[in-house]
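Heads up: the structure comes next, in structure tokens.
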Amino acid sequence: SIPLGFFGGIGAASKAGVLVKGSNYLEALNDVKYIVFDKTGTLTKGQFQVSSILPANGKSKEELLEIAAYAEFFSNHPIALSIRNAYGKEIVAEKLSNYQEIAGHGISVTYHTDEILAGNVKLMESNHILYIPNKEAGTTIYLAKNNQFIGSIIISDQLKVDAKKAISGLKQIGVLKTIMLTGDSKSVANKVGNLVGIDEMYAELLPHQKVEQLEKLESKKAKNEKIAFVGDGINDAPVLARADVGIAMGGLGSDAAIEAADVVLMSDEPSKIVDAIKIAKRTRTIVW
Ligand code: ADP
Ligand code: MG
């Protein structure tokens, strides 16, 4: 049977805006020593703004943005939203066919009769596109039309206001290490990680490589230590399910993430994890 104190703990957590899907997860939160974070939508707001449009091969900025917006029409990724917002005009879906979203890479789609690619360096390289690497700070979307590079669009996100506080708070309550796993570039990963105080950053990861990083950590930690993963969910369901405690953003997070998670932060604030662990510790004192 479940000790009554746990119900009090789950209730206290829910009042604090943290849904805990069972007393075993409240219990596990006590022993979390490693917290692994996704970047976009977890430590950052996931609300990108277009900062530069850099056309190549004779394209205009307008043409490049239009092609990008069409390529991103069917995607729910925060990157896609920002590009469609910057374009601002209506998109005629009939012009699009053969849409494919490639996790951790980007988009492939036919626009009119042209084959468009929109994504990162990996997408360009796997299609043997000669692209001009971007040197500006920010997340870069490289674009190609019929296998020719046509330019790039640079977007930037903002840190969540409580991200830094969350990381320092976790350290204060005994978390040994904070880690960030992202599909974004090394430069963006290092910038965000250093700003918020993350101990280790791993970038350019595909969804399955995020699971592999988690497994590596699992094999190194002591037996009684637990690992939590925190994500907003786009492509993160496998890692959320694999961690001892999977924590999802409830507001921005995808349904798949909320489903796969053990703990859901209703307000999307990473600092709520600190509150949840404190409640878990108080609950343990009452229960035992
Ligand atoms: P993360 O949440 O860690 O940023 P994702 O797996 O969601 O990782 O995405 C990793 C990378 O894949 C992005 O930084 C981007 O370069 C590329 N990508 C993913 N989805 C899209 C998209 N809709 N359009 C363009 N690029 C994308
Ligand atoms: Mg993500």
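The way I read the labels, and the way they are meant: chains A, B, ... in the order of the structure tokens, residue 1 as the first residue of every chain, and ligand 1 as the first ligand shown, with later ones counted on from there.
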
Exercise. From a DSSP calculation on the backbone, collect every residue of region 57-273 of chain A in strand (DSSP E or B) and output the set as a ChimeraX atom specification.
Key: /A:96-102,106-111,114-119,139-145,148-156,159,177-181,200-202,226-231,245-249,263-265

Quiz item: Leaving out region 220-224 of chain A and any residue of its chain fewer than 4 positions from it, which residues lie within 10 Å of it when counting only C-alpha atoms, given as a ChimeraX atom specification?
Solution: /A:28,31-34,215-216

Kindly export the residues of the current selection with N, CA and C atoms, as a compact mmCIF listing (two decimals), in the first residue's frame.
# COMPACT_ATOMS: atom_id res chain seq x y z
N ALA A 28 11.37 9.01 -6.26
CA ALA A 28 12.58 9.03 -7.11
C ALA A 28 13.19 10.43 -7.18
N ASP A 31 16.15 11.30 -5.03
CA ASP A 31 17.48 10.74 -5.31
C ASP A 31 18.06 11.22 -6.63
N VAL A 32 17.41 12.23 -7.24
CA VAL A 32 17.93 12.74 -8.52
C VAL A 32 19.24 13.48 -8.28
N LYS A 33 20.30 12.98 -8.91
CA LYS A 33 21.63 13.59 -8.77
C LYS A 33 22.13 14.17 -10.09
N TYR A 34 21.51 13.75 -11.18
CA TYR A 34 21.90 14.24 -12.51
C TYR A 34 20.64 14.73 -13.20
N GLU A 215 22.12 6.86 -21.63
CA GLU A 215 22.57 5.52 -21.24
C GLU A 215 24.01 5.53 -20.75
N LYS A 216 24.86 6.36 -21.38
CA LYS A 216 26.25 6.48 -20.94
C LYS A 216 26.30 6.98 -19.51

Exercise. Return as a VMD selection string the residues of protein, DNA or RNA that approach ligand 2 to within 8 Å, with only C-alpha atoms and all ligand atoms taken into account.
Key: chain A and resid 38 to 42 182 to 183 231 to 236

Cut-off 7 Å: closest chain A/ligand 1 atom pairs per residue, using only C-alpha atoms and all ligand atoms, as a Markdown table:
| residue | atom | partner | partner_atom_place_in_ligand_line | distance |
| --- | --- | --- | --- | --- |
| A:Asp38 | CA | ligand 1 | 3 (O) | 5.6 |
| A:Lys39 | CA | ligand 1 | 3 (O) | 5.4 |
| A:Thr40 | CA | ligand 1 | 2 (O) | 4.7 |
| A:Glu72 | CA | ligand 1 | 23 (N) | 5.9 |
| A:Ser75 | CA | ligand 1 | 23 (N) | 5.3 |
| A:Asn76 | CA | ligand 1 | 23 (N) | 7.0 |
| A:His77 | CA | ligand 1 | 23 (N) | 5.0 |
| A:Ile79 | CA | ligand 1 | 22 (C) | 5.6 |
| A:Ala80 | CA | ligand 1 | 23 (N) | 5.0 |
| A:Glu101 | CA | ligand 1 | 23 (N) | 6.8 |
| A:Ala103 | CA | ligand 1 | 6 (O) | 5.7 |
| A:Gly104 | CA | ligand 1 | 12 (O) | 3.7 |
| A:His105 | CA | ligand 1 | 12 (O) | 4.2 |
| A:Gly106 | CA | ligand 1 | 27 (C) | 3.6 |
| A:Ile107 | CA | ligand 1 | 24 (N) | 5.6 |
| A:Ala118 | CA | ligand 1 | 25 (C) | 5.3 |
| A:Gly119 | CA | ligand 1 | 26 (N) | 3.7 |
| A:Asn120 | CA | ligand 1 | 16 (O) | 4.2 |
| A:Thr139 | CA | ligand 1 | 14 (O) | 6.5 |
| A:Thr140 | CA | ligand 1 | 16 (O) | 6.6 |
| A:Ile141 | CA | ligand 1 | 25 (C) | 5.7 |
| A:Leu181 | CA | ligand 1 | 3 (O) | 6.3 |
| A:Thr182 | CA | ligand 1 | 3 (O) | 3.3 |
| A:Gly183 | CA | ligand 1 | 10 (C) | 3.5 |
| A:Asp184 | CA | ligand 1 | 14 (O) | 3.6 |
| A:Ser185 | CA | ligand 1 | 14 (O) | 6.7 |
| A:Glu204 | CA | ligand 1 | 10 (C) | 7.0 |
| A:Leu206 | CA | ligand 1 | 6 (O) | 6.0 |
| A:Pro207 | CA | ligand 1 | 6 (O) | 5.9 |
| A:Ile234 | CA | ligand 1 | 7 (O) | 5.6 |
| A:Asn235 | CA | ligand 1 | 6 (O) | 5.8 |

Limited to C-alpha atoms, could you put the picked residues into a file as a PDB file, in the first residue's frame?
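Result file follows (result_19.pdb):
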ATOM      1  CA  ASP A  38      16.821  19.688 -23.657  1.00  0.00           C
ATOM      2  CA  LYS A  39      17.555  23.220 -24.884  1.00  0.00           C
ATOM      3  CA  THR A  40      14.804  24.595 -27.093  1.00  0.00           C
ATOM      4  CA  GLU A  72       8.110  24.940 -42.965  1.00  0.00           C
ATOM      5  CA  SER A  75       6.076  21.612 -39.245  1.00  0.00           C
ATOM      6  CA  ASN A  76       5.215  22.182 -35.567  1.00  0.00           C
ATOM      7  CA  HIS A  77       8.828  22.836 -34.645  1.00  0.00           C
ATOM      8  CA  ILE A  79      11.889  26.941 -35.872  1.00  0.00           C
ATOM      9  CA  ALA A  80       9.035  26.579 -38.362  1.00  0.00           C
ATOM     10  CA  GLU A 101      10.232  16.076 -41.697  1.00  0.00           C
ATOM     11  CA  ALA A 103      14.119  14.418 -37.063  1.00  0.00           C
ATOM     12  CA  GLY A 104      17.239  16.326 -36.054  1.00  0.00           C
ATOM     13  CA  HIS A 105      17.845  17.413 -39.673  1.00  0.00           C
ATOM     14  CA  GLY A 106      14.965  19.486 -41.037  1.00  0.00           C
ATOM     15  CA  ILE A 107      12.539  19.383 -43.938  1.00  0.00           C
ATOM     16  CA  ALA A 118      15.484  23.379 -45.160  1.00  0.00           C
ATOM     17  CA  GLY A 119      17.524  22.379 -42.171  1.00  0.00           C
ATOM     18  CA  ASN A 120      20.942  22.143 -40.592  1.00  0.00           C
ATOM     19  CA  THR A 139      20.495  28.838 -35.016  1.00  0.00           C
ATOM     20  CA  THR A 140      20.974  28.517 -38.772  1.00  0.00           C
ATOM     21  CA  ILE A 141      18.487  27.128 -41.289  1.00  0.00           C
ATOM     22  CA  LEU A 181      21.552  17.667 -24.881  1.00  0.00           C
ATOM     23  CA  THR A 182      20.550  19.446 -28.073  1.00  0.00           C
ATOM     24  CA  GLY A 183      20.199  18.934 -31.776  1.00  0.00           C
ATOM     25  CA  ASP A 184      21.321  22.505 -32.340  1.00  0.00           C
ATOM     26  CA  SER A 185      24.885  23.589 -33.191  1.00  0.00           C
ATOM     27  CA  GLU A 204      24.275  18.212 -32.849  1.00  0.00           C
ATOM     28  CA  LEU A 206      19.878  13.153 -33.221  1.00  0.00           C
ATOM     29  CA  PRO A 207      16.987  11.931 -31.038  1.00  0.00           C
ATOM     30  CA  ILE A 234       9.444  17.639 -29.825  1.00  0.00           C
ATOM     31  CA  ASN A 235      11.425  14.450 -30.604  1.00  0.00           C
TER      32      ASN A 235
END

Quiz item: If you count only C-alpha atoms, which residues fall within 7 Å of region 15-23 of chain A, apart from same-chain ones fewer than 6 positions away, as a PyMOL selection string?
Solution: chain A and resi 6+262-267+276

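Look at region 90-93 of chain A: the protein and nucleic acid residues within 8 Å of it, using only C-alpha atoms and passing over chain neighbours fewer than 2 places away, are Ala69, Tyr70, Phe73, Gly88, Lys95 and Leu96 of chain A.
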
Now that the selection is made, can you save its residues with N, CA and C atoms as a tab-separated table (two decimals), in the first residue's frame?
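Generated file (part.tsv):
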chain	number	residue	atom	x	y	z
A	69	ALA	N	9.39	29.62	-45.78
A	69	ALA	CA	8.08	29.58	-45.13
A	69	ALA	C	7.23	28.45	-45.69
A	70	TYR	N	7.30	28.26	-47.01
A	70	TYR	CA	6.57	27.14	-47.62
A	70	TYR	C	7.13	25.80	-47.14
A	73	PHE	N	5.79	24.92	-43.74
A	73	PHE	CA	4.34	25.05	-43.55
A	73	PHE	C	3.74	23.96	-42.65
A	88	GLY	N	4.86	36.05	-42.89
A	88	GLY	CA	3.64	36.81	-42.62
A	88	GLY	C	2.52	36.66	-43.64
A	95	LYS	N	0.48	24.12	-53.31
A	95	LYS	CA	1.77	24.20	-54.01
A	95	LYS	C	2.79	23.21	-53.45
A	96	LEU	N	2.42	22.53	-52.35
A	96	LEU	CA	3.38	21.67	-51.65
A	96	LEU	C	3.03	20.19	-51.81

Quiz item: With only C-alpha atoms as the basis for distance, which of A:Leu170, A:Ser60, A:Leu65, A:Leu54 is at the shortest distance from Asp275 (chain A)?
Solution: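 The closest residue to Asp275 (chain A) is A:Leu170.
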
Could I get the residues of region 113-172 of chain A with an atom no further than 8 Å from an atom of region 193-201 of chain A, each paired with its nearest atom pair and that distance in Å to one decimal, using only C-alpha atoms, sorted by chain and residue number, as a Markdown table?
| residue | atom | partner | partner_atom | distance |
| --- | --- | --- | --- | --- |
| A:Ala163 | CA | A:Val196 | CA | 6.1 |
| A:Lys164 | CA | A:Val196 | CA | 4.3 |
| A:Lys165 | CA | A:Val196 | CA | 7.9 |
| A:Ile167 | CA | A:Gly197 | CA | 6.5 |
| A:Ser168 | CA | A:Gly197 | CA | 7.4 |

C-alpha atoms of the current selection, written as a CSV table (one decimal), in the first residue's frame:
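Result saved to out_5.csv:
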chain,number,residue,atom,x,y,z
A,163,ALA,CA,16.6,29.2,-16.4
A,164,LYS,CA,19.7,30.4,-14.5
A,165,LYS,CA,17.9,30.4,-11.2
A,167,ILE,CA,20.3,25.5,-12.4
A,168,SER,CA,21.7,27.3,-9.3

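Our summary of the geometry notes that CA of Ile132 (chain A) is positioned 28.9 Å from CA of Leu43 (chain A).
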